[in-house]
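Next up, work_3.cif (mmCIF, C-alpha atoms):
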data_run
loop_
_atom_site.group_PDB
_atom_site.id
_atom_site.type_symbol
_atom_site.label_atom_id
_atom_site.label_comp_id
_atom_site.auth_asym_id
_atom_site.auth_seq_id
_atom_site.Cartn_x
_atom_site.Cartn_y
_atom_site.Cartn_z
ATOM 1 C CA MET T 1 -11.978 21.872 -12.504
ATOM 2 C CA THR T 2 -10.588 18.851 -10.667
ATOM 3 C CA VAL T 3 -9.496 15.982 -12.883
ATOM 4 C CA ILE T 4 -9.845 12.509 -11.378
ATOM 5 C CA ASP T 5 -7.395 9.819 -12.507
ATOM 6 C CA VAL T 6 -8.227 6.261 -11.385
ATOM 7 C CA PHE T 7 -5.668 3.436 -11.307
ATOM 8 C CA ASN T 8 -6.368 -0.281 -11.038
ATOM 9 C CA HIS T 9 -4.213 -3.404 -11.046
ATOM 10 C CA ASN T 10 -7.033 -5.041 -13.081
ATOM 11 C CA VAL T 11 -7.452 -7.895 -10.619
ATOM 12 C CA PRO T 12 -10.796 -9.604 -9.900
ATOM 13 C CA ALA T 13 -11.120 -8.137 -6.390
ATOM 14 C CA GLU T 14 -11.520 -4.627 -7.835
ATOM 15 C CA SER T 15 -14.726 -5.474 -9.659
ATOM 16 C CA ASP T 16 -15.875 -8.055 -7.091
ATOM 17 C CA PHE T 17 -15.639 -5.543 -4.229
ATOM 18 C CA GLY T 18 -16.180 -2.356 -6.236
ATOM 19 C CA TYR T 19 -13.098 -0.255 -5.579
ATOM 20 C CA SER T 20 -10.073 1.301 -7.259
ATOM 21 C CA GLN T 21 -6.467 0.882 -6.200
ATOM 22 C CA ALA T 22 -5.916 4.626 -6.286
ATOM 23 C CA ILE T 23 -7.641 7.855 -7.196
ATOM 24 C CA LYS T 24 -5.823 11.081 -7.984
ATOM 25 C CA SER T 25 -7.919 14.138 -7.298
ATOM 26 C CA GLY T 26 -6.070 17.394 -7.865
ATOM 27 C CA GLU T 27 -2.568 16.910 -6.499
ATOM 28 C CA LEU T 28 -3.472 14.195 -3.975
ATOM 29 C CA ILE T 29 -3.446 10.468 -4.652
ATOM 30 C CA HIS T 30 -5.409 8.264 -2.265
ATOM 31 C CA VAL T 31 -4.108 4.694 -2.431
ATOM 32 C CA SER T 32 -6.307 1.823 -1.246
ATOM 33 C CA GLY T 33 -4.856 -0.800 1.046
ATOM 34 C CA GLN T 34 -2.177 -2.668 -0.852
ATOM 35 C CA LEU T 35 -1.417 -6.262 -0.059
ATOM 36 C CA SER T 36 0.503 -9.265 -1.271
ATOM 37 C CA LEU T 37 -1.143 -9.947 -4.639
ATOM 38 C CA ASP T 38 0.626 -10.933 -7.826
ATOM 39 C CA GLU T 39 -0.218 -9.310 -11.167
ATOM 40 C CA ALA T 40 -3.028 -11.840 -11.751
ATOM 41 C CA GLY T 41 -4.628 -10.956 -8.415
ATOM 42 C CA GLU T 42 -3.607 -14.139 -6.617
ATOM 43 C CA PHE T 43 -2.768 -13.783 -2.936
ATOM 44 C CA LEU T 44 0.852 -14.734 -2.207
ATOM 45 C CA CYS T 45 2.934 -15.769 0.796
ATOM 46 C CA ALA T 46 0.279 -16.707 3.356
ATOM 47 C CA ASP T 47 1.530 -16.213 6.931
ATOM 48 C CA ASP T 48 4.991 -15.032 5.740
ATOM 49 C CA PHE T 49 5.223 -11.475 7.058
ATOM 50 C CA ALA T 50 8.540 -10.509 5.423
ATOM 51 C CA ALA T 51 7.535 -11.844 1.993
ATOM 52 C CA GLN T 52 4.104 -10.185 2.162
ATOM 53 C CA LEU T 53 5.635 -6.864 3.174
ATOM 54 C CA LYS T 54 8.053 -7.027 0.231
ATOM 55 C CA GLN T 55 5.269 -7.822 -2.271
ATOM 56 C CA THR T 56 2.988 -5.176 -0.754
ATOM 57 C CA TYR T 57 5.634 -2.480 -1.203
ATOM 58 C CA ALA T 58 6.209 -3.722 -4.776
ATOM 59 C CA ASN T 59 2.505 -3.157 -5.437
ATOM 60 C CA VAL T 60 2.733 0.311 -3.885
ATOM 61 C CA ASP T 61 5.600 1.039 -6.282
ATOM 62 C CA ARG T 62 3.379 0.019 -9.226
ATOM 63 C CA VAL T 63 0.804 2.598 -8.129
ATOM 64 C CA LEU T 64 3.446 5.294 -7.621
ATOM 65 C CA ASP T 65 4.995 4.503 -11.026
ATOM 66 C CA HIS T 66 1.604 4.888 -12.720
ATOM 67 C CA TYR T 67 1.364 8.456 -11.454
ATOM 68 C CA GLY T 68 5.050 9.311 -11.878
ATOM 69 C CA ALA T 69 5.282 9.705 -8.100
ATOM 70 C CA THR T 70 8.029 8.657 -5.711
ATOM 71 C CA ARG T 71 8.191 7.402 -2.144
ATOM 72 C CA ASN T 72 9.300 10.893 -1.077
ATOM 73 C CA GLN T 73 5.853 12.204 -2.009
ATOM 74 C CA VAL T 74 4.023 9.857 0.363
ATOM 75 C CA VAL T 75 2.655 12.112 3.111
ATOM 76 C CA SER T 76 0.819 9.537 5.223
ATOM 77 C CA GLN T 77 0.291 5.831 5.543
ATOM 78 C CA VAL T 78 -1.808 3.430 7.561
ATOM 79 C CA LEU T 79 -0.450 -0.063 8.187
ATOM 80 C CA TYR T 80 -2.798 -2.844 9.287
ATOM 81 C CA VAL T 81 -0.818 -5.645 10.937
ATOM 82 C CA VAL T 82 -2.032 -9.003 12.253
ATOM 83 C CA ASP T 83 -0.166 -9.995 15.444
ATOM 84 C CA LEU T 84 1.335 -6.527 15.776
ATOM 85 C CA ARG T 85 3.397 -7.326 18.870
ATOM 86 C CA GLN T 86 5.004 -10.265 17.067
ATOM 87 C CA ASN T 87 5.491 -8.306 13.814
ATOM 88 C CA ALA T 88 6.354 -4.855 15.208
ATOM 89 C CA ALA T 89 10.110 -5.089 14.645
ATOM 90 C CA ALA T 90 9.708 -6.448 11.102
ATOM 91 C CA THR T 91 7.146 -3.705 10.373
ATOM 92 C CA ALA T 92 9.585 -1.017 11.509
ATOM 93 C CA GLU T 93 12.508 -2.556 9.594
ATOM 94 C CA GLY T 94 10.464 -2.827 6.404
ATOM 95 C CA ASN T 95 9.219 0.747 6.739
ATOM 96 C CA LEU T 96 12.736 2.123 7.254
ATOM 97 C CA ALA T 97 14.079 0.078 4.337
ATOM 98 C CA TYR T 98 11.276 1.258 2.040
ATOM 99 C CA PHE T 99 11.350 4.966 2.871
ATOM 100 C CA GLY T 100 15.006 5.537 3.782
ATOM 101 C CA ASP T 101 15.339 9.057 5.206
ATOM 102 C CA HIS T 102 11.783 10.084 4.260
ATOM 103 C CA ARG T 103 9.358 10.100 7.185
ATOM 104 C CA PRO T 104 5.652 10.163 6.255
ATOM 105 C CA ALA T 105 3.009 10.442 8.952
ATOM 106 C CA SER T 106 2.185 6.882 9.969
ATOM 107 C CA THR T 107 -0.450 4.983 11.884
ATOM 108 C CA VAL T 108 0.072 1.313 12.676
ATOM 109 C CA LEU T 109 -2.976 -0.672 13.742
ATOM 110 C CA GLY T 110 -2.970 -4.168 15.167
ATOM 111 C CA VAL T 111 -5.890 -6.133 13.722
ATOM 112 C CA THR T 112 -7.199 -9.646 14.301
ATOM 113 C CA GLU T 113 -7.591 -10.540 10.638
ATOM 114 C CA LEU T 114 -7.512 -9.176 7.091
ATOM 115 C CA THR T 115 -9.235 -10.165 3.843
ATOM 116 C CA PHE T 116 -7.369 -13.362 2.919
ATOM 117 C CA PRO T 117 -6.586 -16.291 5.205
ATOM 118 C CA GLY T 118 -2.931 -15.884 6.112
ATOM 119 C CA GLN T 119 -2.828 -12.182 5.171
ATOM 120 C CA VAL T 120 -0.814 -10.346 7.816
ATOM 121 C CA ILE T 121 -0.176 -6.857 6.352
ATOM 122 C CA GLU T 122 -2.066 -4.209 4.385
ATOM 123 C CA ILE T 123 -0.884 -0.639 3.732
ATOM 124 C CA SER T 124 -2.756 2.416 2.450
ATOM 125 C CA PHE T 125 -1.165 5.740 1.471
ATOM 126 C CA VAL T 126 -1.806 9.348 0.609
ATOM 127 C CA VAL T 127 0.586 10.957 -1.890
ATOM 128 C CA ASP T 128 1.021 14.692 -2.524
ATOM 129 C CA MET T 129 2.249 15.408 -6.045
ATOM 130 C CA LYS T 130 3.154 18.985 -5.077
ATOM 131 C CA LEU T 131 6.095 17.704 -3.030
ATOM 132 C CA PRO T 132 9.464 17.321 -4.740
ATOM 133 C CA ALA T 133 10.067 13.843 -6.118
#

Output the file's structure as structure tokens, nothing else.
Amino acid sequence: MTVIDVFNHNVPAESDFGYSQAIKSGELIHVSGQLSLDEAGEFLCADDFAAQLKQTYANVDRVLDHYGATRNQVVSQVLYVVDLRQNAAATAEGNLAYFGDHRPASTVLGVTELTFPGQVIEISFVVDMKLPA
């Protein structure tokens, strides 16, 4: 029997839109797109790519911590980036800083806009708990 474990940040967008931040099914954790929200669900750092990337990864860490997972167990990620050509170098730098020597499968998509005005980055992940932490 597969046990499903749901995680939420308990921010208004979860109930307003009808989604969970992450769902663990078996040994896989599917993490919804994380972005630059504070713990109250307020969007932070409009149009500041570096600051949004830092806060987004902090929110990813909150999800990983909930499940007792680590960055080394992330097997894939999708990054949605506004103005990708302009933000490509910062995206790569942030990714390398976050993961260190770990190299998950990655897809980076340039998009015209995201949910909030001034939002420039969103990242979703898949985590495999069978991998060593």

Would you compute the box with edges along x, y and z of the file around stretch 78-85 of chain T, including every atom the file lists for it and 8 Å extra on each side, and give its centre and edge lengths in Å to one decimal, as JSON?
{"center_x": 0.3, "center_y": -3.3, "center_z": 13.2, "size_x": 22.2, "size_y": 29.4, "size_z": 27.3}

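Shortest separation to T:Met129 among T:Gln86, T:Thr70, T:Thr115, T:Thr91 occurs at residue T:Thr70, atoms counted being all atoms listed in the file.
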
Which residues come within 9 Å of stretch 46-61 of chain T, counting all atoms listed in the file, excluding same-chain residues fewer than 3 positions away, as an MDAnalysis selection string? chainID T and resid 9 31 34:39 43 64:66 69:71 87 90:91 94 98 116:125

Run through the PyMOL selection byres ((chain T and resi 82) around 7) on the given coordinates and return the selected residues as a list in words.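 After applying the PyMOL selection byres ((chain T and resi 82) around 7), what remains is Tyr80, Val81, Asp83, Leu84, Gly110, Val111, Thr112, Glu113, Val120 and Ile121 of chain T.
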
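Residues with any atom within 9 Å of T:Val6, counting only C-alpha atoms and excluding same-chain neighbours fewer than 6 positions away, are Ser20, Gln21, Ala22, Ile23, Lys24 and Ser25 of chain T.
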
Measure the distance from atom CA of T:Val75 to atom CA of T:Gly100 in Å and round it to one decimal.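 If I compute the distance from atom CA of T:Val75 to atom CA of T:Gly100, I get 14.0 Å.
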
As an exercise, work out the distance from atom CA of T:Leu114 to atom CA of T:Leu79 in Å and give it to one decimal place. 11.6 Å

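Taking atom CA of T:Leu109 and atom CA of T:Ala88 as the two end points, the separation is 10.3 Å.
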
Let me make sure I understand: among T:Ile4, T:Cys45, T:Ile29, T:Val127, which one has the smallest atom-to-atom distance to T:Ala105 if we use all atoms listed in the file? T:Val127

Identify which of the residues T:Glu42, T:Glu27, T:Glu93, T:Asp101 lies closest to T:Val126, counting only C-alpha atoms when measuring atom-to-atom distances. T:Glu27

Please determine, counting only C-alpha atoms, which residue among T:Asp128, T:Gly33, T:Leu44, T:Asn8 has the shortest atom-to-atom distance to T:Gly68. T:Asp128

Got a sec to resolve the PyMOL selection byres ((chain T and resi 72) around 8) on this structure and send the residues as a PyMOL selection string? chain T and resi 70-71+73-75+99+102+131-133

Filtering to C-alpha atoms, could you give me those residues as a PDB file, keeping the file's coordinate frame?
ATOM      1  CA  THR T  70       8.029   8.657  -5.711  1.00  0.00           C
ATOM      2  CA  ARG T  71       8.191   7.402  -2.144  1.00  0.00           C
ATOM      3  CA  GLN T  73       5.853  12.204  -2.009  1.00  0.00           C
ATOM      4  CA  VAL T  74       4.023   9.857   0.363  1.00  0.00           C
ATOM      5  CA  VAL T  75       2.655  12.112   3.111  1.00  0.00           C
ATOM      6  CA  PHE T  99      11.350   4.966   2.871  1.00  0.00           C
ATOM      7  CA  HIS T 102      11.783  10.084   4.260  1.00  0.00           C
ATOM      8  CA  LEU T 131       6.095  17.704  -3.030  1.00  0.00           C
ATOM      9  CA  PRO T 132       9.464  17.321  -4.740  1.00  0.00           C
ATOM     10  CA  ALA T 133      10.067  13.843  -6.118  1.00  0.00           C
TER      11      ALA T 133
END

Working from the structure I just supplied, which lacks atoms in stretch 41-52 of chain T, can you model all heavy atoms there and output them as a compact mmCIF listing (two decimals), in the frame of the given file?
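Contents of part.txt, as written:
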# COMPACT_ATOMS: atom_id res chain seq x y z
N GLY T 41 -3.69 -11.13 -9.52
CA GLY T 41 -4.63 -10.96 -8.41
C GLY T 41 -4.65 -12.11 -7.43
O GLY T 41 -5.52 -12.18 -6.57
N GLU T 42 -3.69 -13.01 -7.54
CA GLU T 42 -3.61 -14.14 -6.62
C GLU T 42 -2.86 -13.72 -5.35
O GLU T 42 -1.80 -13.09 -5.42
CB GLU T 42 -2.89 -15.32 -7.27
CG GLU T 42 -3.62 -15.90 -8.46
CD GLU T 42 -4.97 -16.49 -8.09
OE1 GLU T 42 -5.06 -17.18 -7.05
OE2 GLU T 42 -5.93 -16.27 -8.85
N PHE T 43 -3.41 -14.09 -4.21
CA PHE T 43 -2.77 -13.78 -2.94
C PHE T 43 -1.53 -14.66 -2.77
O PHE T 43 -1.58 -15.87 -3.00
CB PHE T 43 -3.75 -14.01 -1.78
CG PHE T 43 -3.15 -13.78 -0.43
CD1 PHE T 43 -2.78 -12.50 -0.05
CD2 PHE T 43 -2.94 -14.82 0.43
CE1 PHE T 43 -2.21 -12.27 1.19
CE2 PHE T 43 -2.38 -14.61 1.68
CZ PHE T 43 -2.01 -13.32 2.05
N LEU T 44 -0.43 -14.04 -2.34
CA LEU T 44 0.85 -14.73 -2.21
C LEU T 44 1.34 -14.76 -0.76
O LEU T 44 1.03 -13.85 0.01
CB LEU T 44 1.93 -14.02 -3.04
CG LEU T 44 1.68 -13.84 -4.52
CD1 LEU T 44 2.77 -12.97 -5.14
CD2 LEU T 44 1.61 -15.19 -5.20
N CYS T 45 2.12 -15.75 -0.43
CA CYS T 45 2.93 -15.77 0.80
C CYS T 45 2.12 -15.80 2.08
O CYS T 45 2.44 -15.09 3.05
CB CYS T 45 3.90 -14.59 0.82
SG CYS T 45 4.83 -14.35 -0.69
N ALA T 46 1.09 -16.61 2.14
CA ALA T 46 0.28 -16.71 3.36
C ALA T 46 1.15 -16.92 4.59
O ALA T 46 2.07 -17.74 4.57
CB ALA T 46 -0.74 -17.84 3.22
N ASP T 47 0.88 -16.13 5.62
CA ASP T 47 1.53 -16.21 6.93
C ASP T 47 3.03 -15.89 6.91
O ASP T 47 3.70 -16.08 7.93
CB ASP T 47 1.30 -17.59 7.57
CG ASP T 47 -0.17 -17.84 7.85
OD1 ASP T 47 -0.84 -16.95 8.40
OD2 ASP T 47 -0.65 -18.94 7.49
N ASP T 48 3.57 -15.40 5.81
CA ASP T 48 4.99 -15.03 5.74
C ASP T 48 5.08 -13.51 5.74
O ASP T 48 4.97 -12.86 4.69
CB ASP T 48 5.61 -15.63 4.48
CG ASP T 48 7.12 -15.37 4.38
OD1 ASP T 48 7.62 -14.39 4.98
OD2 ASP T 48 7.78 -16.16 3.68
N PHE T 49 5.28 -12.92 6.92
CA PHE T 49 5.22 -11.48 7.06
C PHE T 49 6.23 -10.77 6.16
O PHE T 49 5.89 -9.85 5.43
CB PHE T 49 5.43 -11.05 8.52
CG PHE T 49 5.18 -9.59 8.72
CD1 PHE T 49 3.91 -9.12 8.96
CD2 PHE T 49 6.22 -8.67 8.65
CE1 PHE T 49 3.65 -7.76 9.13
CE2 PHE T 49 5.99 -7.32 8.81
CZ PHE T 49 4.70 -6.85 9.04
N ALA T 50 7.49 -11.19 6.20
CA ALA T 50 8.54 -10.51 5.42
C ALA T 50 8.24 -10.56 3.93
O ALA T 50 8.38 -9.55 3.23
CB ALA T 50 9.91 -11.12 5.72
N ALA T 51 7.83 -11.70 3.43
CA ALA T 51 7.54 -11.84 1.99
C ALA T 51 6.31 -11.02 1.61
O ALA T 51 6.29 -10.38 0.55
CB ALA T 51 7.33 -13.32 1.64
N GLN T 52 5.28 -11.00 2.46
CA GLN T 52 4.10 -10.18 2.16
C GLN T 52 4.44 -8.70 2.16
O GLN T 52 3.97 -7.96 1.31
CB GLN T 52 2.99 -10.45 3.18
CG GLN T 52 2.25 -11.73 2.93
CD GLN T 52 1.05 -11.87 3.84
OE1 GLN T 52 0.36 -10.90 4.11
NE2 GLN T 52 0.79 -13.09 4.30
